[in-house]
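Below is the file final_20.csv, which contains CSV, C-alpha atoms.
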```csv
chain,number,residue,atom,x,y,z
A,351,MET,CA,17.8,32.0,20.8
A,352,SER,CA,17.3,31.9,24.5
A,353,VAL,CA,14.8,34.6,25.3
A,354,SER,CA,12.1,34.3,27.9
A,355,LEU,CA,8.9,36.4,27.3
A,356,LYS,CA,7.2,35.0,30.4
A,357,ASP,CA,4.7,37.6,31.8
A,358,LYS,CA,4.9,39.6,28.5
A,359,VAL,CA,1.8,40.3,26.5
A,360,ALA,CA,2.3,40.5,22.8
A,361,VAL,CA,-0.2,41.9,20.3
A,362,VAL,CA,0.4,40.6,16.8
A,363,THR,CA,-1.6,41.9,13.8
A,364,GLY,CA,-1.9,39.8,10.7
A,365,ALA,CA,-1.7,36.8,13.0
A,366,GLY,CA,-4.1,34.6,11.0
A,367,ARG,CA,-1.6,33.5,8.3
A,368,GLY,CA,1.8,34.0,6.8
A,369,LEU,CA,4.5,35.9,8.6
A,370,GLY,CA,2.1,37.2,11.3
A,371,ARG,CA,1.1,33.7,12.2
A,372,GLN,CA,4.6,32.4,12.3
A,373,THR,CA,5.6,35.3,14.6
A,374,ALA,CA,2.7,34.7,16.9
A,375,LEU,CA,3.6,31.0,17.2
A,376,HIS,CA,7.3,31.9,17.9
A,377,LEU,CA,6.5,34.5,20.6
A,378,ALA,CA,4.1,32.1,22.3
A,379,ALA,CA,6.7,29.3,22.2
A,380,HIS,CA,9.0,31.7,24.2
A,381,GLY,CA,6.5,32.4,26.9
A,382,ALA,CA,4.5,35.4,25.7
A,383,THR,CA,0.8,35.7,26.1
A,384,VAL,CA,-0.2,36.4,22.4
A,385,ILE,CA,-3.2,38.4,21.3
A,386,ALA,CA,-3.7,37.2,17.8
A,387,VAL,CA,-5.3,40.0,15.7
A,388,ALA,CA,-6.7,39.8,12.1
A,389,ARG,CA,-9.9,40.5,10.2
A,390,ASN,CA,-10.6,36.8,9.5
A,391,ALA,CA,-12.0,35.3,12.7
A,392,GLU,CA,-11.5,31.7,11.6
A,393,GLU,CA,-7.9,32.2,10.8
A,394,VAL,CA,-7.0,33.8,14.1
A,395,ARG,CA,-9.0,31.1,15.9
A,396,GLN,CA,-6.8,28.5,14.1
A,397,THR,CA,-3.6,30.3,15.1
A,398,VAL,CA,-4.7,30.4,18.7
A,399,GLN,CA,-5.7,26.8,18.7
A,400,THR,CA,-2.3,25.8,17.4
A,401,ILE,CA,-0.6,27.8,20.1
A,402,GLN,CA,-2.8,26.4,22.9
A,403,GLN,CA,-2.3,22.8,21.6
A,404,ALA,CA,1.5,23.4,22.0
A,405,GLY,CA,1.0,24.5,25.6
A,406,GLY,CA,1.2,28.3,24.9
A,407,ALA,CA,-1.1,31.1,25.9
A,408,ALA,CA,-3.0,32.9,23.2
A,409,HIS,CA,-6.3,34.7,22.6
A,410,ALA,CA,-8.1,35.5,19.3
A,411,MET,CA,-9.2,39.1,18.6
A,412,PRO,CA,-10.9,39.5,15.2
A,413,VAL,CA,-10.3,43.2,14.6
A,414,ASP,CA,-10.1,45.4,11.4
A,415,ILE,CA,-7.1,47.6,12.2
A,416,ARG,CA,-8.2,50.0,9.5
A,417,GLN,CA,-10.9,51.2,11.9
A,418,LEU,CA,-9.8,53.5,14.7
A,419,GLU,CA,-12.8,52.7,16.9
A,420,ALA,CA,-12.1,48.9,16.6
A,421,VAL,CA,-8.4,49.4,17.6
A,422,GLU,CA,-9.4,51.6,20.6
A,423,GLN,CA,-11.8,48.9,21.7
A,424,LEU,CA,-9.0,46.3,21.3
A,425,LYS,CA,-6.8,48.3,23.5
A,426,THR,CA,-9.4,48.6,26.2
A,427,GLU,CA,-10.3,44.9,26.1
A,428,VAL,CA,-6.7,43.7,26.1
A,429,GLU,CA,-5.5,45.9,28.9
A,430,GLN,CA,-8.6,45.0,31.1
A,431,ARG,CA,-8.2,41.3,30.5
A,432,PHE,CA,-4.4,40.8,30.2
A,433,GLY,CA,-2.7,43.9,31.5
A,434,VAL,CA,-0.1,46.2,29.8
A,435,VAL,CA,1.0,45.2,26.3
A,436,SER,CA,4.8,44.9,26.1
A,437,LEU,CA,5.2,43.8,22.5
A,438,LEU,CA,3.4,45.2,19.5
A,439,VAL,CA,4.1,43.5,16.1
A,440,ASN,CA,2.4,45.0,13.1
A,441,ALA,CA,2.7,42.2,10.6
A,442,ALA,CA,-0.6,42.8,8.8
A,443,GLY,CA,-0.2,43.9,5.3
A,444,ILE,CA,-1.6,43.8,1.8
A,445,PHE,CA,0.1,44.4,-1.6
A,446,GLY,CA,-2.6,46.4,-3.2
A,447,PRO,CA,-3.3,47.0,-6.9
A,448,ILE,CA,-0.6,46.1,-9.4
A,449,GLN,CA,-1.7,48.9,-11.7
A,450,LEU,CA,-0.5,52.0,-13.5
A,451,VAL,CA,-1.6,55.1,-11.6
A,452,LYS,CA,-3.7,56.3,-14.5
A,453,ASP,CA,-5.6,53.0,-14.5
A,454,SER,CA,-5.7,52.3,-10.8
A,455,GLU,CA,-8.7,51.5,-8.7
A,456,PRO,CA,-8.9,54.3,-6.1
A,457,GLN,CA,-10.4,52.2,-3.4
A,458,ARG,CA,-7.8,49.4,-3.6
A,459,TRP,CA,-5.1,52.1,-3.6
A,460,VAL,CA,-6.5,53.7,-0.5
A,461,ASP,CA,-7.1,50.4,1.2
A,462,THR,CA,-3.4,49.5,0.8
A,463,LEU,CA,-2.5,52.6,2.8
A,464,ALA,CA,-5.2,51.9,5.3
A,465,VAL,CA,-3.9,48.5,6.2
A,466,ASN,CA,-0.1,49.1,5.8
A,467,LEU,CA,0.1,52.6,7.3
A,468,PHE,CA,-3.0,53.7,9.1
A,469,GLY,CA,-3.5,50.4,10.9
A,470,PRO,CA,0.0,50.5,12.4
A,471,TYR,CA,-0.5,54.2,13.3
A,472,PHE,CA,-3.7,53.3,15.1
A,473,THR,CA,-2.2,50.4,17.0
A,474,CYS,CA,1.0,52.3,17.9
A,475,ARG,CA,-1.1,55.2,19.1
A,476,ALA,CA,-3.2,52.8,21.2
A,477,PHE,CA,-0.4,50.9,23.0
A,478,ALA,CA,2.6,53.2,23.2
A,479,GLY,CA,1.4,55.2,26.1
A,480,SER,CA,1.1,52.3,28.5
A,481,MET,CA,4.5,50.9,27.4
A,482,ILE,CA,6.1,54.3,28.2
A,483,GLN,CA,4.4,54.3,31.7
A,484,ASN,CA,5.7,50.8,32.2
A,485,ARG,CA,9.3,51.8,31.0
A,486,TRP,CA,9.5,48.8,28.7
A,487,GLY,CA,8.2,48.0,25.3
A,488,ARG,CA,9.0,46.9,21.8
A,489,ILE,CA,7.1,48.1,18.7
A,490,ILE,CA,8.1,46.2,15.5
A,491,ASN,CA,6.5,47.1,12.1
A,492,PHE,CA,6.9,44.9,9.1
A,493,THR,CA,8.1,46.9,6.1
A,494,SER,CA,9.6,45.8,2.8
A,495,ALA,CA,12.8,46.3,0.8
A,496,ALA,CA,10.4,47.6,-1.9
A,497,ALA,CA,10.5,50.9,0.0
A,498,LEU,CA,14.2,51.2,-0.7
A,499,HIS,CA,14.2,50.0,-4.3
A,500,PRO,CA,14.2,52.5,-7.2
A,501,PRO,CA,10.5,53.4,-8.0
A,502,GLY,CA,9.1,51.5,-10.9
A,503,PRO,CA,5.7,51.0,-12.6
A,504,LEU,CA,2.7,49.3,-11.0
A,505,ASN,CA,3.9,49.5,-7.4
A,506,SER,CA,2.8,53.0,-6.3
A,507,ALA,CA,0.3,51.9,-3.5
A,508,TYR,CA,2.5,49.3,-1.8
A,509,GLY,CA,5.8,51.2,-2.2
A,510,THR,CA,4.3,54.5,-1.0
A,511,SER,CA,2.7,52.7,2.0
A,512,LYS,CA,5.9,51.2,3.1
A,513,VAL,CA,8.0,54.3,2.7
A,514,ALA,CA,5.5,56.1,4.8
A,515,LEU,CA,5.5,53.4,7.4
A,516,ASN,CA,9.3,53.6,7.6
A,517,GLN,CA,9.2,57.4,8.2
A,518,PHE,CA,6.3,57.1,10.7
A,519,THR,CA,8.3,54.5,12.7
A,520,ARG,CA,11.4,56.8,12.7
A,521,HIS,CA,9.3,59.7,14.1
A,522,LEU,CA,7.8,57.4,16.7
A,523,ALA,CA,11.3,56.1,17.6
A,524,ALA,CA,12.5,59.7,18.1
A,525,GLU,CA,9.6,60.3,20.5
A,526,LEU,CA,10.4,57.1,22.4
A,527,GLU,CA,14.1,57.7,22.8
A,528,GLY,CA,15.1,57.2,26.5
A,529,THR,CA,11.7,55.8,27.6
A,530,GLY,CA,12.6,52.1,27.6
A,531,VAL,CA,10.4,51.6,24.6
A,532,THR,CA,11.7,51.1,21.0
A,533,ALA,CA,10.2,51.2,17.6
A,534,ASN,CA,11.8,49.6,14.5
A,535,VAL,CA,10.9,48.3,11.0
A,536,LEU,CA,12.1,45.0,9.5
A,537,HIS,CA,12.2,43.5,6.1
A,538,PRO,CA,11.1,39.9,6.6
A,539,GLY,CA,12.7,38.6,3.4
A,540,ASP,CA,11.3,37.4,0.1
A,541,VAL,CA,8.8,34.8,1.4
A,542,LYS,CA,6.5,32.5,-0.5
A,543,THR,CA,3.3,33.6,1.2
A,544,GLU,CA,-0.3,34.1,0.2
A,545,MET,CA,0.8,37.7,-0.8
A,546,TRP,CA,3.4,36.2,-3.2
A,547,ALA,CA,0.8,33.9,-4.7
A,548,ALA,CA,-1.6,36.9,-5.2
A,549,ILE,CA,1.2,38.9,-6.9
A,550,ARG,CA,1.9,36.0,-9.2
A,551,ALA,CA,-1.7,35.6,-10.2
A,552,GLU,CA,-2.2,39.3,-10.9
A,553,ALA,CA,1.1,39.7,-12.8
A,554,GLU,CA,0.4,36.8,-15.0
A,555,ARG,CA,-2.7,38.5,-16.4
A,556,MET,CA,-0.8,41.6,-17.4
A,557,GLY,CA,1.4,42.7,-20.3
A,558,PRO,CA,5.1,43.5,-20.6
A,559,GLU,CA,4.8,46.3,-17.9
A,560,ALA,CA,4.6,43.5,-15.3
A,561,GLU,CA,7.6,41.5,-16.4
A,562,GLY,CA,9.6,42.8,-13.4
A,563,TYR,CA,7.1,41.2,-11.1
A,564,ARG,CA,7.0,37.9,-13.1
A,565,LYS,CA,10.8,37.8,-12.8
A,566,TRP,CA,10.6,38.3,-9.0
A,567,VAL,CA,7.9,35.6,-8.7
A,568,ARG,CA,10.0,33.1,-10.7
A,569,TRP,CA,13.1,34.0,-8.5
A,570,VAL,CA,11.2,33.3,-5.3
A,571,GLU,CA,9.8,30.1,-6.8
A,572,GLN,CA,13.2,28.8,-7.9
A,573,THR,CA,15.0,29.7,-4.7
A,574,GLY,CA,12.1,28.5,-2.5
A,575,GLY,CA,12.0,32.0,-0.9
A,576,ASP,CA,13.3,33.0,2.5
A,577,ASP,CA,12.3,30.9,5.5
A,578,PRO,CA,9.5,32.8,7.4
A,579,GLN,CA,11.1,31.6,10.6
A,580,LYS,CA,13.9,34.0,10.1
A,581,ALA,CA,11.6,37.0,10.4
A,582,ALA,CA,10.1,35.5,13.6
A,583,ASP,CA,13.7,35.0,14.9
A,584,LEU,CA,14.5,38.7,14.3
A,585,VAL,CA,11.3,39.7,16.1
A,586,LEU,CA,12.4,37.6,19.1
A,587,ARG,CA,15.9,39.2,19.1
A,588,LEU,CA,14.3,42.6,19.1
A,589,ALA,CA,12.1,41.5,22.1
A,590,SER,CA,15.2,40.7,24.2
A,591,ASP,CA,16.7,43.0,26.7
A,592,ALA,CA,19.9,42.9,24.6
A,593,ALA,CA,18.1,45.0,21.9
A,594,ALA,CA,17.2,47.8,24.3
A,595,THR,CA,19.3,50.3,22.4
A,596,VAL,CA,18.1,49.3,18.9
A,597,ASN,CA,15.7,52.1,18.0
A,598,GLY,CA,14.5,53.7,14.8
A,599,GLN,CA,16.3,51.2,12.6
A,600,PHE,CA,15.6,49.3,9.3
A,601,LEU,CA,16.5,45.7,10.1
A,602,TRP,CA,17.1,42.7,7.9
A,603,ILE,CA,16.8,39.0,8.5
A,604,GLU,CA,20.0,37.0,8.9
A,605,GLY,CA,21.2,35.4,5.7
A,606,GLY,CA,18.3,36.5,3.5
A,607,LEU,CA,18.2,36.0,-0.2
A,608,GLN,CA,18.3,39.8,-0.7
A,609,ALA,CA,21.4,41.6,0.5
A,610,PRO,CA,20.7,44.5,2.9
A,611,ILE,CA,20.2,47.9,1.1
A,612,PRO,CA,21.5,51.1,2.8
A,613,SER,CA,18.5,52.8,4.3
A,614,TRP,CA,19.3,55.7,6.7
A,615,GLY,CA,22.2,56.4,9.0
A,616,ASP,CA,23.3,58.6,11.8
A,617,GLY,CA,23.5,62.2,10.7
A,618,ALA,CA,21.6,61.7,7.5
A,619,GLY,CA,19.7,64.8,6.6
A,620,ALA,CA,21.3,66.9,9.3
A,621,GLN,CA,19.5,70.2,9.9
A,622,PRO,CA,21.9,73.2,9.7
A,623,TRP,CA,19.9,75.1,12.3
A,624,SER,CA,20.5,72.4,14.8
A,625,SER,CA,24.3,72.4,14.8
```
Whole structure given in structure tokens:
Amino acid sequence: MSVSLKDKVAVVTGAGRGLGRQTALHLAAHGATVIAVARNAEEVRQTVQTIQQAGGAAHAMPVDIRQLEAVEQLKTEVEQRFGVVSLLVNAAGIFGPIQLVKDSEPQRWVDTLAVNLFGPYFTCRAFAGSMIQNRWGRIINFTSAAALHPPGPLNSAYGTSKVALNQFTRHLAAELEGTGVTANVLHPGDVKTEMWAAIRAEAERMGPEAEGYRKWVRWVEQTGGDDPQKAADLVLRLASDAAATVNGQFLWIEGGLQAPIPSWGDGAGAQPWSS
């Protein structure tokens, strides 16, 4: 896709590995100055090194997005050094405990919401204001089809975090309407990442209640999973001027293994007092 992101600054969380890393590489290849954010300093350093070796511009920012103060410091440093952020991609995410609620580890459950929901809230809060003042911006939050599937056992933390992220993004999109800034969520596909491997390892240790996960793991293994480049391509399309009117949507990669599931549409949940 022919999109130039020259003079655009992009903050990508989860940029140390997996889908976040692939997205950071792709945006840099199209001219963006990428701020690679992740908790693991060595992983983001490697991402930045790969970008720079290919002739791109990137800078490593080891930050724990669960911490409000750390995100506020990130905003200050990025804007002072590189100017207004035009693209914010929240690709950081963890799956959380594959456990029944009654047996779940509270801290792991809470940490899942901290990374998958509070982190994006902190980063959106930090960077949206400057985007609005600049009259141009794209906020893209990575969600999951799990948020649209019927609820099942063992997935309460991850599923809840992604449902909440979807609704948060819709609220944000409503606030951004008409400002030149958009906010959307995307399902990046069923990708054979480190998260997939962690789910496989945890599900294999469990009993029959985890058979659904084992089936999914085998399906991804047999199919090879979706190409992570497809998610990066979708981010790039959303970063284009042609996507200026795409706002508050749940988006799917092109030709993914999983067919799109209806999410929400115009007029859904209409308020009788607003008519």
Worksheet item: Within 10 Å of (-6.7, 42.3, 13.1), in the coordinates the file gives, what residues turn up when you count only C-alpha atoms, written out as a VMD selection string?
Response: chain A and resid 361 to 366 385 to 391 394 410 to 417 420 to 421 424 440 to 442 465 469
When you look at A:Ser480 with a cut-off of 12 Å (counting all atoms listed in the file), what residues show up, excluding the ones that are within fewer than 2 positions of it in the same chain? I need them as a compact mmCIF listing (two decimals) with C-alpha atoms, keeping the file's coordinate frame.
```
# COMPACT_ATOMS: atom_id res chain seq x y z
CA LYS A 425 -6.80 48.30 23.50
CA THR A 426 -9.40 48.60 26.20
CA VAL A 428 -6.70 43.70 26.10
CA GLU A 429 -5.50 45.90 28.90
CA GLY A 433 -2.70 43.90 31.50
CA VAL A 434 -0.10 46.20 29.80
CA VAL A 435 1.00 45.20 26.30
CA SER A 436 4.80 44.90 26.10
CA LEU A 437 5.20 43.80 22.50
CA LEU A 438 3.40 45.20 19.50
CA CYS A 474 1.00 52.30 17.90
CA ARG A 475 -1.10 55.20 19.10
CA ALA A 476 -3.20 52.80 21.20
CA PHE A 477 -0.40 50.90 23.00
CA ALA A 478 2.60 53.20 23.20
CA ILE A 482 6.10 54.30 28.20
CA GLN A 483 4.40 54.30 31.70
CA ASN A 484 5.70 50.80 32.20
CA ARG A 485 9.30 51.80 31.00
CA TRP A 486 9.50 48.80 28.70
CA GLY A 487 8.20 48.00 25.30
CA ARG A 488 9.00 46.90 21.80
CA THR A 529 11.70 55.80 27.60
CA GLY A 530 12.60 52.10 27.60
CA VAL A 531 10.40 51.60 24.60
```
Once you count all atoms listed in the file, what closest atom pair and distance in Å to one decimal does each residue of stretch 562-617 of chain A within 9 Å of stretch 508-519 of chain A have, with rows by chain and rising residue number, as a Markdown table?
```
| residue | atom | partner | partner_atom | distance |
| --- | --- | --- | --- | --- |
| A:Gly598 | CA | A:Thr519 | CA | 6.6 |
| A:Gln599 | CA | A:Thr519 | CA | 8.7 |
| A:Phe600 | CA | A:Asn516 | CA | 7.8 |
```
Fill in: Atom-to-atom span, atom CA of A:Gly406 and atom CA of A:Pro538, Å
23.8 Å
Show me as a compact mmCIF listing (two decimals) with C-alpha atoms, in the frame of the given file the residues that reach within 12 Å of (12.2, 28.1, 1.8), counting all atoms listed in the file and using the file's own coordinates.
```
# COMPACT_ATOMS: atom_id res chain seq x y z
CA GLY A 539 12.70 38.60 3.40
CA ASP A 540 11.30 37.40 0.10
CA VAL A 541 8.80 34.80 1.40
CA LYS A 542 6.50 32.50 -0.50
CA THR A 543 3.30 33.60 1.20
CA TRP A 569 13.10 34.00 -8.50
CA VAL A 570 11.20 33.30 -5.30
CA GLU A 571 9.80 30.10 -6.80
CA GLN A 572 13.20 28.80 -7.90
CA THR A 573 15.00 29.70 -4.70
CA GLY A 574 12.10 28.50 -2.50
CA GLY A 575 12.00 32.00 -0.90
CA ASP A 576 13.30 33.00 2.50
CA ASP A 577 12.30 30.90 5.50
CA PRO A 578 9.50 32.80 7.40
CA GLN A 579 11.10 31.60 10.60
CA LYS A 580 13.90 34.00 10.10
CA GLY A 606 18.30 36.50 3.50
CA LEU A 607 18.20 36.00 -0.20
```
Fill in: For A:Gly443, the nearest of the candidates A:Lys356, A:Arg555, A:Arg367, A:Lys565, counting all atoms listed in the file
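Among the listed residues, the smallest separation from A:Gly443 belongs to A:Arg367.
Distance-wise, atom CA of A:Leu584 and atom CA of A:Ile603 end up 6.2 Å apart.
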Item to complete: Determine the nearest neighbour of A:Ala379 from the options A:Leu498, A:Leu522, A:Leu355, A:Pro447, counting all atoms listed in the file.
Response: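 When distances to A:Ala379 are compared using all atoms listed in the file, the smallest one comes from A:Leu355.
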Practice prompt. Check the smallest atom-to-atom distance from each of A:Val460, A:Ala407, A:Ile444, A:Ala582 to A:Asp357 using all atoms listed in the file, then report the winner.
Written response: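 Ranking A:Val460, A:Ala407, A:Ile444, A:Ala582 by distance to A:Asp357, first place goes to A:Ala407.
Between atom CA of A:Thr473 and atom CA of A:Glu427 lies a distance of 13.4 Å.
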Worksheet item: Restricting the calculation to all atoms listed in the file, which member of A:Thr532, A:Thr493, A:Gln399, A:Ser613 is positioned closest to A:Asp591?
Response: A:Thr532
Discussion item. I'd like the neighbourhood of A:Arg564 as an MDAnalysis selection string, where a residue qualifies if any of its atoms comes within 12 Å (using only C-alpha atoms), though same-chain residues fewer than 4 positions away should be ignored.
Written reply: chainID A and resid 448 546:560 568:571
Worksheet, complete the sentence: One residue among A:Ala589, A:Leu536, A:Ala404, A:Val567 is nearest to A:Leu601 when using all atoms listed in the file, and that residue is A:Leu536
